[in-house]
$ cat work-v8.txt   # compact mmCIF, C-alpha atoms (C1' of nucleotides)
# COMPACT_ATOMS: atom_id res chain seq x y z
CA MET A 1 157.15 -13.46 -33.09
CA SER A 2 157.44 -16.41 -35.46
CA GLU A 3 159.90 -18.87 -37.03
CA ASN A 4 160.48 -21.71 -34.65
CA GLY A 5 163.99 -21.67 -33.27
CA GLN A 6 166.20 -24.10 -35.14
CA LEU A 7 164.61 -27.54 -35.35
CA SER A 8 166.26 -30.36 -37.21
CA GLU A 9 164.35 -31.96 -40.04
CA PHE A 10 163.75 -34.95 -37.80
CA GLU A 11 162.38 -32.83 -34.99
CA GLN A 12 160.31 -30.82 -37.39
CA SER A 13 158.75 -34.01 -38.72
CA LEU A 14 157.86 -35.31 -35.30
CA VAL A 15 156.46 -31.97 -34.26
CA SER A 16 154.17 -31.93 -37.24
CA LEU A 17 153.21 -35.56 -36.67
CA GLY A 18 152.35 -34.60 -33.12
CA ILE A 19 150.21 -31.74 -34.34
CA SER A 20 148.33 -34.07 -36.68
CA ALA A 21 147.79 -36.60 -33.95
CA ALA A 22 146.59 -33.91 -31.59
CA SER A 23 144.07 -32.65 -34.10
CA ALA A 24 142.76 -36.22 -34.42
CA PHE A 25 141.83 -35.99 -30.76
CA SER A 26 140.80 -32.34 -30.90
CA LEU A 27 143.68 -31.25 -28.73
CA PRO A 28 145.39 -27.88 -29.15
CA LYS A 29 148.19 -28.01 -31.62
CA SER A 30 150.64 -26.54 -29.16
CA VAL A 31 150.12 -29.67 -27.11
CA GLY A 32 150.79 -31.89 -30.12
CA ALA A 33 153.87 -29.94 -31.02
CA MET A 34 155.21 -30.23 -27.51
CA PHE A 35 154.73 -33.95 -27.42
CA GLY A 36 156.39 -34.30 -30.82
CA LEU A 37 159.40 -32.35 -29.68
CA THR A 38 159.65 -34.33 -26.47
CA PHE A 39 159.53 -37.52 -28.47
CA ALA A 40 162.23 -36.33 -30.84
CA SER A 41 164.63 -35.31 -28.11
CA PRO A 42 167.09 -37.87 -26.80
CA GLY A 43 167.51 -35.92 -23.60
CA PRO A 44 164.80 -34.50 -21.35
CA LEU A 45 163.63 -30.96 -21.97
CA ALA A 46 162.83 -28.02 -19.72
CA LEU A 47 159.95 -25.61 -20.11
CA ASP A 48 162.25 -23.04 -21.61
CA ASP A 49 163.32 -25.43 -24.33
CA TYR A 50 159.75 -25.68 -25.53
CA VAL A 51 159.31 -21.93 -25.38
CA GLN A 52 162.42 -21.26 -27.40
CA ARG A 53 162.40 -24.09 -29.87
CA LEU A 54 158.69 -24.12 -30.64
CA ASP A 55 158.39 -20.40 -30.27
CA ILE A 56 155.40 -20.55 -27.96
CA SER A 57 154.68 -18.52 -24.88
CA LYS A 58 155.68 -19.51 -21.40
CA GLY A 59 152.02 -19.69 -20.48
CA SER A 60 151.20 -22.16 -23.22
CA ALA A 61 154.20 -24.25 -22.41
CA SER A 62 153.36 -24.35 -18.74
CA GLN A 63 149.76 -25.33 -19.28
CA GLY A 64 150.54 -27.71 -22.09
CA LEU A 65 153.11 -29.58 -20.02
CA LYS A 66 150.70 -29.90 -17.14
CA PHE A 67 148.15 -31.36 -19.49
CA LEU A 68 150.60 -33.78 -21.09
CA GLN A 69 151.58 -34.89 -17.64
CA ARG A 70 147.99 -35.34 -16.57
CA ILE A 71 147.15 -37.62 -19.48
CA GLY A 72 150.40 -39.48 -18.99
CA ALA A 73 152.07 -38.54 -22.24
CA VAL A 74 155.20 -37.20 -20.60
CA LYS A 75 156.88 -37.78 -17.28
CA THR A 76 159.10 -35.55 -15.23
CA VAL A 77 162.75 -36.12 -14.54
CA TYR A 78 164.98 -34.39 -12.04
CA LEU A 79 168.68 -34.06 -12.47
CA PRO A 80 170.81 -33.06 -9.49
CA SER A 81 172.72 -30.68 -11.71
CA ASP A 82 169.62 -28.84 -12.86
CA ARG A 83 166.99 -27.32 -10.70
CA ARG A 84 164.44 -27.10 -13.47
CA THR A 85 161.78 -29.71 -14.06
CA LEU A 86 162.66 -31.81 -17.09
CA TYR A 87 160.28 -33.74 -19.27
CA GLU A 88 160.64 -36.89 -21.31
CA PRO A 89 158.10 -38.91 -23.24
CA GLU A 90 156.11 -41.67 -21.61
CA MET A 91 156.64 -44.59 -23.93
CA SER A 92 153.81 -46.79 -22.64
CA ILE A 93 150.77 -46.44 -24.83
CA ARG A 94 148.80 -48.06 -22.07
CA ARG A 95 149.39 -45.13 -19.76
CA LEU A 96 148.63 -42.71 -22.50
CA LEU A 97 145.38 -44.46 -23.30
CA ILE A 98 144.32 -44.55 -19.68
CA GLY A 99 145.15 -40.90 -19.34
CA ILE A 100 143.14 -39.90 -22.37
CA LEU A 101 140.18 -42.03 -21.33
CA ASN A 102 140.22 -40.64 -17.83
CA GLU A 103 140.35 -37.15 -19.18
CA ASN A 104 137.71 -37.33 -21.89
CA VAL A 105 135.53 -40.37 -21.86
CA LEU A 106 135.15 -41.71 -18.35
CA PRO A 107 133.69 -38.65 -16.68
CA HIS A 108 130.83 -38.64 -19.18
CA LEU A 109 130.44 -42.41 -19.29
CA GLN A 110 130.16 -42.58 -15.55
CA GLN A 111 127.27 -40.25 -15.03
CA SER A 112 125.44 -41.72 -18.01
CA GLY A 113 124.04 -44.44 -15.76
CA GLU A 114 122.25 -41.99 -13.49
CA ARG A 115 121.04 -40.01 -16.45
CA VAL A 116 119.41 -43.01 -18.07
CA ALA A 117 117.71 -43.90 -14.80
CA SER A 118 116.19 -40.46 -14.61
CA LEU A 119 115.09 -40.78 -18.21
CA ARG A 120 113.13 -43.88 -17.32
CA ASP A 121 111.19 -41.90 -14.78
CA GLN A 122 110.36 -39.18 -17.23
CA LEU A 123 109.16 -41.84 -19.62
CA GLU A 124 105.93 -42.09 -17.68
CA GLN A 125 104.87 -38.76 -19.08
CA VAL A 126 104.68 -40.20 -22.56
CA GLU A 127 101.01 -40.68 -23.34
CA ASP A 128 100.91 -43.26 -26.10
CA PRO A 129 101.68 -46.76 -24.78
CA GLN A 130 103.28 -47.85 -28.04
CA ASP A 131 105.58 -44.85 -28.10
CA ARG A 132 106.41 -45.42 -24.48
CA GLN A 133 107.38 -49.00 -25.22
CA LEU A 134 109.52 -48.00 -28.19
CA LEU A 135 111.32 -45.37 -26.17
CA ALA A 136 111.82 -47.78 -23.29
CA ASP A 137 113.53 -50.12 -25.73
CA ARG A 138 115.76 -47.33 -26.91
CA LEU A 139 116.75 -46.57 -23.36
CA ASP A 140 117.69 -50.21 -22.97
CA THR A 141 119.89 -49.89 -26.02
CA LEU A 142 121.43 -46.74 -24.63
CA GLU A 143 122.16 -48.47 -21.37
CA GLY A 144 123.78 -51.28 -23.32
CA TRP A 145 126.08 -48.81 -25.02
CA GLY A 146 127.32 -47.59 -21.71
CA LYS A 147 127.92 -51.09 -20.45
CA LYS A 148 129.74 -52.10 -23.59
CA GLY A 149 131.86 -49.03 -23.39
CA ARG A 150 132.82 -49.80 -19.84
CA MET A 151 133.59 -53.40 -20.79
CA LEU A 152 135.71 -52.41 -23.72
CA MET A 153 138.11 -50.28 -21.77
CA PRO A 154 139.78 -52.88 -19.59
CA LEU A 155 139.96 -55.10 -22.62
CA ALA A 156 141.69 -52.44 -24.64
CA GLU A 157 144.01 -51.84 -21.77
CA ARG A 158 145.13 -55.45 -21.67
CA MET A 159 145.57 -55.52 -25.42
CA LEU A 160 147.66 -52.44 -25.57
CA SER A 161 149.87 -53.24 -22.66
CA GLY A 162 151.06 -56.63 -23.86
CA PRO A 163 153.62 -57.36 -26.56
CA LEU A 164 152.66 -57.42 -30.20
CA LYS A 165 151.70 -60.96 -31.05
CA LYS A 166 151.84 -62.23 -34.57
CA LYS A 167 148.90 -63.86 -36.33
CA MET B 1 115.31 -15.69 -31.40
CA SER B 2 115.57 -18.18 -28.57
CA GLU B 3 113.60 -20.54 -26.33
CA ASN B 4 113.45 -23.90 -27.95
CA GLY B 5 110.00 -24.67 -29.29
CA GLN B 6 108.10 -26.88 -26.88
CA LEU B 7 110.13 -29.92 -25.89
CA SER B 8 108.83 -32.43 -23.39
CA GLU B 9 110.86 -33.05 -20.28
CA PHE B 10 111.90 -36.36 -21.74
CA GLU B 11 113.06 -34.81 -24.98
CA GLN B 12 114.80 -32.03 -23.14
CA SER B 13 116.71 -34.58 -21.09
CA LEU B 14 117.85 -36.52 -24.12
CA VAL B 15 118.83 -33.37 -25.92
CA SER B 16 121.02 -32.31 -23.06
CA LEU B 17 122.45 -35.81 -22.76
CA GLY B 18 123.27 -35.61 -26.45
CA ILE B 19 124.99 -32.28 -25.94
CA SER B 20 127.09 -33.73 -23.13
CA ALA B 21 128.04 -36.74 -25.20
CA ALA B 22 128.94 -34.54 -28.13
CA SER B 23 131.21 -32.41 -26.01
CA ALA B 24 132.95 -35.58 -24.85
CA PHE B 25 133.95 -36.09 -28.46
CA SER B 26 134.50 -32.42 -29.21
CA LEU B 27 131.55 -32.24 -31.54
CA PRO B 28 129.40 -29.12 -31.92
CA LYS B 29 126.57 -29.05 -29.49
CA SER B 30 124.00 -28.55 -32.21
CA VAL B 31 124.99 -31.98 -33.46
CA GLY B 32 124.56 -33.50 -30.03
CA ALA B 33 121.21 -31.82 -29.59
CA MET B 34 120.01 -33.13 -32.92
CA PHE B 35 120.98 -36.66 -32.09
CA GLY B 36 119.31 -36.42 -28.72
CA LEU B 37 116.08 -35.21 -30.26
CA THR B 38 116.17 -37.92 -32.91
CA PHE B 39 116.67 -40.49 -30.21
CA ALA B 40 113.77 -39.15 -28.16
CA SER B 41 111.33 -39.14 -31.05
CA PRO B 42 109.24 -42.24 -31.68
CA GLY B 43 108.66 -41.19 -35.27
CA PRO B 44 111.23 -39.99 -37.82
CA LEU B 45 111.91 -36.27 -38.07
CA ALA B 46 112.36 -33.89 -40.95
CA LEU B 47 114.90 -31.09 -41.20
CA ASP B 48 112.26 -28.56 -40.33
CA ASP B 49 111.43 -30.36 -37.11
CA TYR B 50 114.97 -29.84 -35.91
CA VAL B 51 114.92 -26.21 -36.96
CA GLN B 52 111.70 -25.48 -35.13
CA ARG B 53 112.01 -27.62 -32.05
CA LEU B 54 115.68 -26.97 -31.33
CA ASP B 55 115.49 -23.45 -32.58
CA ILE B 56 118.53 -23.72 -34.78
CA SER B 57 119.06 -22.41 -38.28
CA LYS B 58 118.31 -24.34 -41.41
CA GLY B 59 121.99 -24.23 -42.27
CA SER B 60 123.04 -25.85 -39.02
CA ALA B 61 120.36 -28.47 -39.29
CA SER B 62 121.31 -29.33 -42.84
CA GLN B 63 125.00 -29.65 -42.07
CA GLY B 64 124.45 -31.39 -38.79
CA LEU B 65 122.22 -34.01 -40.34
CA LYS B 66 124.73 -34.68 -43.08
CA PHE B 67 127.39 -35.19 -40.45
CA LEU B 68 125.22 -37.47 -38.31
CA GLN B 69 124.50 -39.49 -41.39
CA ARG B 70 128.15 -39.70 -42.35
CA ILE B 71 129.20 -41.08 -38.99
CA GLY B 72 126.23 -43.41 -38.99
CA ALA B 73 124.35 -41.96 -36.04
CA VAL B 74 121.11 -41.49 -37.94
CA LYS B 75 119.62 -43.06 -41.01
CA THR B 76 117.18 -41.71 -43.53
CA VAL B 77 113.65 -42.92 -44.03
CA TYR B 78 111.29 -42.15 -46.87
CA LEU B 79 107.55 -42.22 -46.49
CA PRO B 80 105.39 -42.26 -49.62
CA SER B 81 103.15 -39.69 -48.03
CA ASP B 82 105.94 -37.23 -47.37
CA ARG B 83 108.41 -35.96 -49.86
CA ARG B 84 110.82 -34.73 -47.25
CA THR B 85 113.79 -36.74 -46.05
CA LEU B 86 113.10 -38.14 -42.61
CA TYR B 87 115.67 -39.16 -40.04
CA GLU B 88 115.66 -41.74 -37.30
CA PRO B 89 118.41 -42.90 -34.95
CA GLU B 90 120.78 -45.66 -35.89
CA MET B 91 120.55 -48.02 -32.94
CA SER B 92 123.64 -50.08 -33.69
CA ILE B 93 126.56 -48.84 -31.69
CA ARG B 94 128.77 -50.82 -34.00
CA ARG B 95 127.87 -48.62 -36.94
CA LEU B 96 128.29 -45.53 -34.85
CA LEU B 97 131.71 -46.63 -33.72
CA ILE B 98 132.81 -47.44 -37.24
CA GLY B 99 131.55 -44.10 -38.39
CA ILE B 100 133.38 -42.19 -35.72
CA LEU B 101 136.57 -44.13 -36.27
CA ASN B 102 136.41 -43.61 -40.00
CA GLU B 103 135.84 -39.94 -39.50
CA ASN B 104 138.43 -39.16 -36.85
CA VAL B 105 140.96 -41.84 -36.21
CA LEU B 106 141.55 -43.92 -39.31
CA PRO B 107 142.63 -41.15 -41.66
CA HIS B 108 145.40 -40.20 -39.28
CA LEU B 109 146.26 -43.74 -38.29
CA GLN B 110 146.63 -44.76 -41.91
CA GLN B 111 149.18 -42.24 -43.00
CA SER B 112 151.13 -42.76 -39.80
CA GLY B 113 152.89 -45.72 -41.40
CA GLU B 114 154.36 -43.66 -44.21
CA ARG B 115 155.26 -40.89 -41.83
CA VAL B 116 157.26 -43.20 -39.60
CA ALA B 117 159.08 -44.60 -42.60
CA SER B 118 160.12 -41.13 -43.63
CA LEU B 119 161.22 -40.43 -40.07
CA ARG B 120 163.57 -43.40 -40.27
CA ASP B 121 165.26 -41.84 -43.24
CA GLN B 122 165.70 -38.53 -41.52
CA LEU B 123 167.21 -40.35 -38.60
CA GLU B 124 170.47 -40.62 -40.52
CA GLN B 125 171.04 -36.95 -39.98
CA VAL B 126 171.39 -37.48 -36.25
CA GLU B 127 175.10 -37.28 -35.47
CA ASP B 128 175.53 -39.08 -32.18
CA PRO B 129 175.25 -42.86 -32.61
CA GLN B 130 173.79 -43.32 -29.16
CA ASP B 131 171.11 -40.75 -29.75
CA ARG B 132 170.37 -42.29 -33.10
CA GLN B 133 169.87 -45.66 -31.50
CA LEU B 134 167.62 -44.29 -28.81
CA LEU B 135 165.50 -42.48 -31.35
CA ALA B 136 165.33 -45.55 -33.55
CA ASP B 137 163.94 -47.44 -30.60
CA ARG B 138 161.35 -44.75 -30.06
CA LEU B 139 160.29 -45.00 -33.67
CA ASP B 140 159.84 -48.73 -33.14
CA THR B 141 157.58 -47.98 -30.23
CA LEU B 142 155.67 -45.48 -32.29
CA GLU B 143 155.19 -48.03 -35.03
CA GLY B 144 153.93 -50.46 -32.41
CA TRP B 145 151.30 -47.97 -31.31
CA GLY B 146 149.96 -47.76 -34.81
CA LYS B 147 149.83 -51.52 -35.17
CA LYS B 148 148.12 -51.95 -31.86
CA GLY B 149 145.61 -49.31 -32.75
CA ARG B 150 144.81 -51.02 -36.00
CA MET B 151 144.49 -54.36 -34.21
CA LEU B 152 142.21 -52.98 -31.58
CA MET B 153 139.59 -51.72 -33.95
CA PRO B 154 138.29 -54.95 -35.43
CA LEU B 155 138.34 -56.40 -31.96
CA ALA B 156 136.27 -53.57 -30.59
CA GLU B 157 133.93 -53.95 -33.48
CA ARG B 158 133.28 -57.58 -32.71
CA MET B 159 132.79 -56.83 -29.04
CA LEU B 160 130.30 -54.08 -29.60
CA SER B 161 128.26 -55.83 -32.24
CA GLY B 162 127.46 -58.94 -30.22
CA PRO B 163 124.94 -59.29 -27.43
CA LEU B 164 125.84 -58.34 -23.91
CA LYS B 165 127.25 -61.45 -22.29
CA LYS B 166 127.42 -61.77 -18.57
CA LYS B 167 130.71 -62.22 -16.75
C1' DC C 1 168.63 -9.76 1.37
C1' DA C 2 168.53 -8.13 -3.45
C1' DA C 3 168.64 -10.22 -7.74
C1' DA C 4 167.87 -13.91 -10.73
C1' DA C 5 165.58 -18.22 -12.22
C1' DA C 6 161.73 -21.35 -12.66
C1' DG C 7 157.08 -21.64 -13.00
C1' DT C 8 152.18 -20.48 -12.47
C1' DT C 9 148.05 -17.56 -13.17
C1' DC C 10 144.91 -15.24 -15.57
C1' DA C 11 142.93 -11.02 -18.03
C1' DT C 12 143.41 -9.92 -22.95
C1' DT C 13 144.02 -10.80 -27.55
C1' DT C 14 144.12 -13.91 -31.36
C1' DT C 15 142.58 -17.80 -33.78
C1' DT C 16 139.49 -21.27 -34.76
C1' DT C 17 135.15 -23.18 -34.92
C1' DC C 18 130.01 -22.74 -34.99
C1' DT C 19 125.94 -20.69 -36.30
C1' DT C 20 123.18 -17.83 -38.91
C1' DG C 21 120.55 -16.29 -42.75
C1' DA C 22 120.17 -14.86 -47.35
C1' DA C 23 120.82 -16.45 -51.90
C1' DC C 24 120.58 -20.54 -54.62
C1' DT C 25 119.19 -25.15 -56.84
C1' DC C 26 115.98 -28.51 -57.88
C1' DA C 27 111.78 -30.58 -57.69
C1' DT C 28 106.74 -30.42 -57.34
C1' DT C 29 102.23 -28.24 -58.14
C1' DG C 30 98.24 -25.30 -58.95
C1' DC D 1 105.28 -21.39 -65.76
C1' DA D 2 104.95 -18.69 -61.48
C1' DA D 3 104.80 -20.14 -56.92
C1' DT D 4 105.79 -23.13 -53.14
C1' DG D 5 108.50 -26.44 -50.57
C1' DA D 6 112.75 -29.02 -49.42
C1' DG D 7 117.26 -28.67 -48.96
C1' DT D 8 122.22 -26.94 -49.84
C1' DT D 9 125.90 -23.45 -49.82
C1' DC D 10 128.63 -20.17 -48.10
C1' DA D 11 129.96 -15.35 -46.66
C1' DA D 12 129.64 -12.97 -42.47
C1' DG D 13 128.79 -12.59 -37.58
C1' DA D 14 128.92 -14.76 -32.92
C1' DA D 15 130.82 -17.79 -29.71
C1' DA D 16 134.28 -20.75 -27.92
C1' DA D 17 138.95 -22.20 -27.45
C1' DA D 18 143.79 -21.35 -27.46
C1' DA D 19 147.83 -18.38 -27.10
C1' DT D 20 150.03 -14.44 -25.22
C1' DG D 21 152.48 -11.82 -21.89
C1' DA D 22 152.66 -9.24 -17.80
C1' DA D 23 152.26 -9.70 -12.95
C1' DC D 24 153.10 -12.87 -9.29
C1' DT D 25 154.95 -16.85 -6.19
C1' DT D 26 158.62 -19.46 -4.63
C1' DT D 27 163.23 -20.95 -4.66
C1' DT D 28 167.86 -20.42 -5.19
C1' DT D 29 172.20 -17.81 -5.28
C1' DG D 30 175.73 -14.19 -5.20

$ encode --input "work-v8.txt" --output "structure tokens"
Amino acid sequence: MSENGQLSEFEQSLVSLGISAASAFSLPKSVGAMFGLTFASPGPLALDDYVQRLDISKGSASQGLKFLQRIGAVKTVYLPSDRRTLYEPEMSIRRLLIGILNENVLPHLQQSGERVASLRDQLEQVEDPQDRQLLADRLDTLEGWGKKGRMLMPLAERMLSGPLKKK
Amino acid sequence: MSENGQLSEFEQSLVSLGISAASAFSLPKSVGAMFGLTFASPGPLALDDYVQRLDISKGSASQGLKFLQRIGAVKTVYLPSDRRTLYEPEMSIRRLLIGILNENVLPHLQQSGERVASLRDQLEQVEDPQDRQLLADRLDTLEGWGKKGRMLMPLAERMLSGPLKKK
DNA sequence: CAAAAAGTTCATTTTTTCTTGAACTCATTG
DNA sequence: CAATGAGTTCAAGAAAAAATGAACTTTTTG
């Protein structure tokens, strides 16, 4: 009912770092804890390991692992000796970034184009010509935000995937 | 107790766009609605305008506006004729980005350095030399993530502040 | 094939986060 | 200086999100 099953100090630290990181992205803390534990474990872990060591329910573990897989934070491993699905951390920040963007940002960014177009139509209903002009300008700005956002992502991707250059 | 006070179709659309955008960043929808309304209004708005037109409480409006100001999504305006504080949208995405980063990402990213250092210490407690090496490598990767993140931000800032170049 | 193991689902419960509204503060003003 | 207006605070209620755990598949295995 409480007290996480024995975690070393090292594991405990990474779990709590994971929880912090998760909260930075408004993700459930169970998800952060699971990633932290995965990261701290030299060998791959099975669902039951998370349940026992983090003292969370099977349901949480199952859903959390699916999510971590979806965003590309962990990957699955299969050992011939073990019929369970095992998980280890995905060490490429690029994949992680892509996963998070796909999950959170892109869906909204994509439909923003259509939305702005429809806003332009509705603009006709604004009586005052000066107001209408001002709002049209704002819509231009808004459109620019979307474009910049879309431009930034591939750039970020390239940056994060390469090696760390000095200077 | 409900039914938002008369909003034009245009305003309604921007309010709901704001709510969508807010949910993309896990922000309360009242905050998104307020930004949308600000954006849709040619003239600056006072706290009471939000309360009446979005049909939200004074408390929400007050807190929401403080938040929007903190992240740099709106700015205050003072008219000699009006002793209330008036709000209008901040049209620079650069400021908005900086605000959001300062609010959500930076605080966590900053302390990550210290945290990793302390993790290196705790690494000594790992018995197996091979495991210790593997985990040390992971900590290197983790450190790299932080560095890359910190590098990416000024870059993004420059990108977003400039004009939209073609190709 | 019955039993056990691995996982998934999802209705409930628990926890967290938002929102409300009444009680305040601090200025103006009649 | 009482009354009004603008705005903040925060305890309490409402709503949303996350966690639980029992019931269920699907596979394996004795």

$ closest_residue --input "work-v8.txt" --among "A:Ala46, A:Asn104, A:Ala61, A:Ser8" --to "B:Gln122" --atoms "only C-alpha atoms"
A:Ser8

$ closest_atom_pairs --input "work-v8.txt" --of "chain B" --to "chain A" --cutoff "8 Å" --atoms "only C-alpha atoms" --output "tab-separated table"
residue	atom	partner	partner_atom	distance
B:Glu9	CA	A:Gln122	CA	6.9
B:Phe10	CA	A:Gln122	CA	5.5
B:Ser13	CA	A:Leu119	CA	7.0
B:Leu14	CA	A:Leu119	CA	7.8
B:Leu17	CA	A:Arg115	CA	7.7
B:Ser20	CA	A:His108	CA	7.3
B:Ala21	CA	A:His108	CA	6.9
B:Ala24	CA	A:Asn104	CA	5.9
B:Phe25	CA	A:Asn104	CA	7.7
B:Ser26	CA	A:Ser26	CA	6.5
B:Phe39	CA	A:Arg138	CA	7.6
B:Ala40	CA	A:Leu135	CA	7.0
B:Ser41	CA	A:Leu135	CA	7.9
B:Pro42	CA	A:Asp131	CA	5.7
B:Met91	CA	A:Thr141	CA	7.2
B:Ile93	CA	A:Trp145	CA	6.7
B:Asn104	CA	A:Ala24	CA	5.8
B:Val105	CA	A:Ala24	CA	6.2
B:His108	CA	A:Ala24	CA	6.8
B:Arg115	CA	A:Leu17	CA	7.7
B:Leu119	CA	A:Phe10	CA	6.4
B:Gln122	CA	A:Phe10	CA	5.5
B:Leu123	CA	A:Phe10	CA	6.5
B:Gln125	CA	A:Phe10	CA	7.9
B:Asp131	CA	A:Pro42	CA	5.8
B:Leu134	CA	A:Pro42	CA	6.7
B:Leu135	CA	A:Pro42	CA	6.7
B:Arg138	CA	A:Phe39	CA	7.6
B:Thr141	CA	A:Met91	CA	7.2
B:Gly144	CA	A:Leu164	CA	7.4
B:Trp145	CA	A:Ile93	CA	6.7
B:Lys148	CA	A:Leu160	CA	6.3
B:Leu152	CA	A:Ala156	CA	7.0
B:Ala156	CA	A:Leu152	CA	7.0
B:Met159	CA	A:Leu152	CA	7.5
B:Leu160	CA	A:Lys148	CA	6.4
B:Leu164	CA	A:Lys148	CA	7.4

$ closest_atom_pairs --input "work-v8.txt" --of "chain B" --to "chain D" --cutoff "9 Å" --atoms "only C-alpha atoms (C1' of nucleotides)" --output "CSV"
residue,atom,partner,partner_atom,distance
B:Leu47,CA,D:DG7,C1',8.5
B:Lys58,CA,D:DG7,C1',8.8
B:Gly59,CA,D:DT8,C1',8.0
B:Ser62,CA,D:DG7,C1',7.4
B:Gln63,CA,D:DT8,C1',8.7
B:Arg83,CA,D:DA6,C1',8.2
B:Arg84,CA,D:DA6,C1',6.4
B:Thr85,CA,D:DA6,C1',8.5

$ closest_residue --input "work-v8.txt" --among "A:Gly99, A:Gly18, A:Pro28, A:Pro80" --to "chain C" --atoms "only C-alpha atoms (C1' of nucleotides)"
A:Pro28

$ closest_atom_pairs --input "work-v8.txt" --of "chain C" --to "chain B" --cutoff "8 Å" --atoms "only C-alpha atoms (C1' of nucleotides)" --output "CSV"
residue,atom,partner,partner_atom,distance
C:DC18,C1',B:Pro28,CA,7.1
C:DT19,C1',B:Ser60,CA,6.5
C:DT20,C1',B:Ser57,CA,6.2
C:DG21,C1',B:Ser57,CA,7.7

$ atom_distance --input "work-v8.txt" --atom1 "atom C1' of C:DA11" --atom2 "atom CA of A:Arg53"
26.3 Å

$ atom_distance --input "work-v8.txt" --atom1 "atom C1' of C:DT8" --atom2 "atom CA of A:Arg70"
16.0 Å

$ atom_distance --input "work-v8.txt" --atom1 "atom CA of B:Leu65" --atom2 "atom CA of B:Leu7"
19.3 Å

$ decode --input "work-v8.txt" --residues "stretch 71-108 of chain A" --atoms "C-alpha atoms" --output "mmCIF file, in the first residue's frame"
data_model
loop_
_atom_site.group_PDB
_atom_site.id
_atom_site.type_symbol
_atom_site.label_atom_id
_atom_site.label_comp_id
_atom_site.auth_asym_id
_atom_site.auth_seq_id
_atom_site.Cartn_x
_atom_site.Cartn_y
_atom_site.Cartn_z
ATOM 1 C CA ILE A 71 6.681 8.895 -27.303
ATOM 2 C CA GLY A 72 9.848 6.918 -27.867
ATOM 3 C CA ALA A 73 11.278 7.145 -24.377
ATOM 4 C CA VAL A 74 11.704 3.407 -23.979
ATOM 5 C CA LYS A 75 12.053 0.534 -26.377
ATOM 6 C CA THR A 76 11.143 -3.097 -26.021
ATOM 7 C CA VAL A 77 13.564 -5.967 -25.871
ATOM 8 C CA TYR A 78 12.866 -9.658 -26.149
ATOM 9 C CA LEU A 79 15.052 -12.277 -24.607
ATOM 10 C CA PRO A 80 14.657 -15.896 -25.700
ATOM 11 C CA SER A 81 14.855 -16.955 -22.082
ATOM 12 C CA ASP A 82 12.012 -14.715 -20.988
ATOM 13 C CA ARG A 83 8.596 -14.555 -22.465
ATOM 14 C CA ARG A 84 7.781 -11.200 -20.928
ATOM 15 C CA THR A 85 8.216 -7.919 -22.745
ATOM 16 C CA LEU A 86 11.261 -6.099 -21.429
ATOM 17 C CA TYR A 87 11.905 -2.391 -21.560
ATOM 18 C CA GLU A 88 15.055 -0.333 -21.754
ATOM 19 C CA PRO A 89 15.577 3.387 -22.177
ATOM 20 C CA GLU A 90 15.796 4.982 -25.578
ATOM 21 C CA MET A 91 18.979 6.991 -25.390
ATOM 22 C CA SER A 92 18.393 9.188 -28.432
ATOM 23 C CA ILE A 93 16.997 12.523 -27.401
ATOM 24 C CA ARG A 94 16.031 13.053 -30.999
ATOM 25 C CA ARG A 95 13.535 10.221 -30.875
ATOM 26 C CA LEU A 96 12.236 11.403 -27.576
ATOM 27 C CA LEU A 97 11.758 14.909 -28.893
ATOM 28 C CA ILE A 98 9.982 13.709 -31.994
ATOM 29 C CA GLY A 99 7.764 11.535 -29.883
ATOM 30 C CA ILE A 100 6.807 14.332 -27.543
ATOM 31 C CA LEU A 101 6.176 16.743 -30.400
ATOM 32 C CA ASN A 102 4.050 14.233 -32.243
ATOM 33 C CA GLU A 103 2.072 13.576 -29.130
ATOM 34 C CA ASN A 104 1.473 17.104 -27.898
ATOM 35 C CA VAL A 105 2.307 19.850 -30.307
ATOM 36 C CA LEU A 106 1.879 18.674 -33.872
ATOM 37 C CA PRO A 107 -1.771 17.669 -33.748
ATOM 38 C CA HIS A 108 -2.704 21.173 -32.630
#
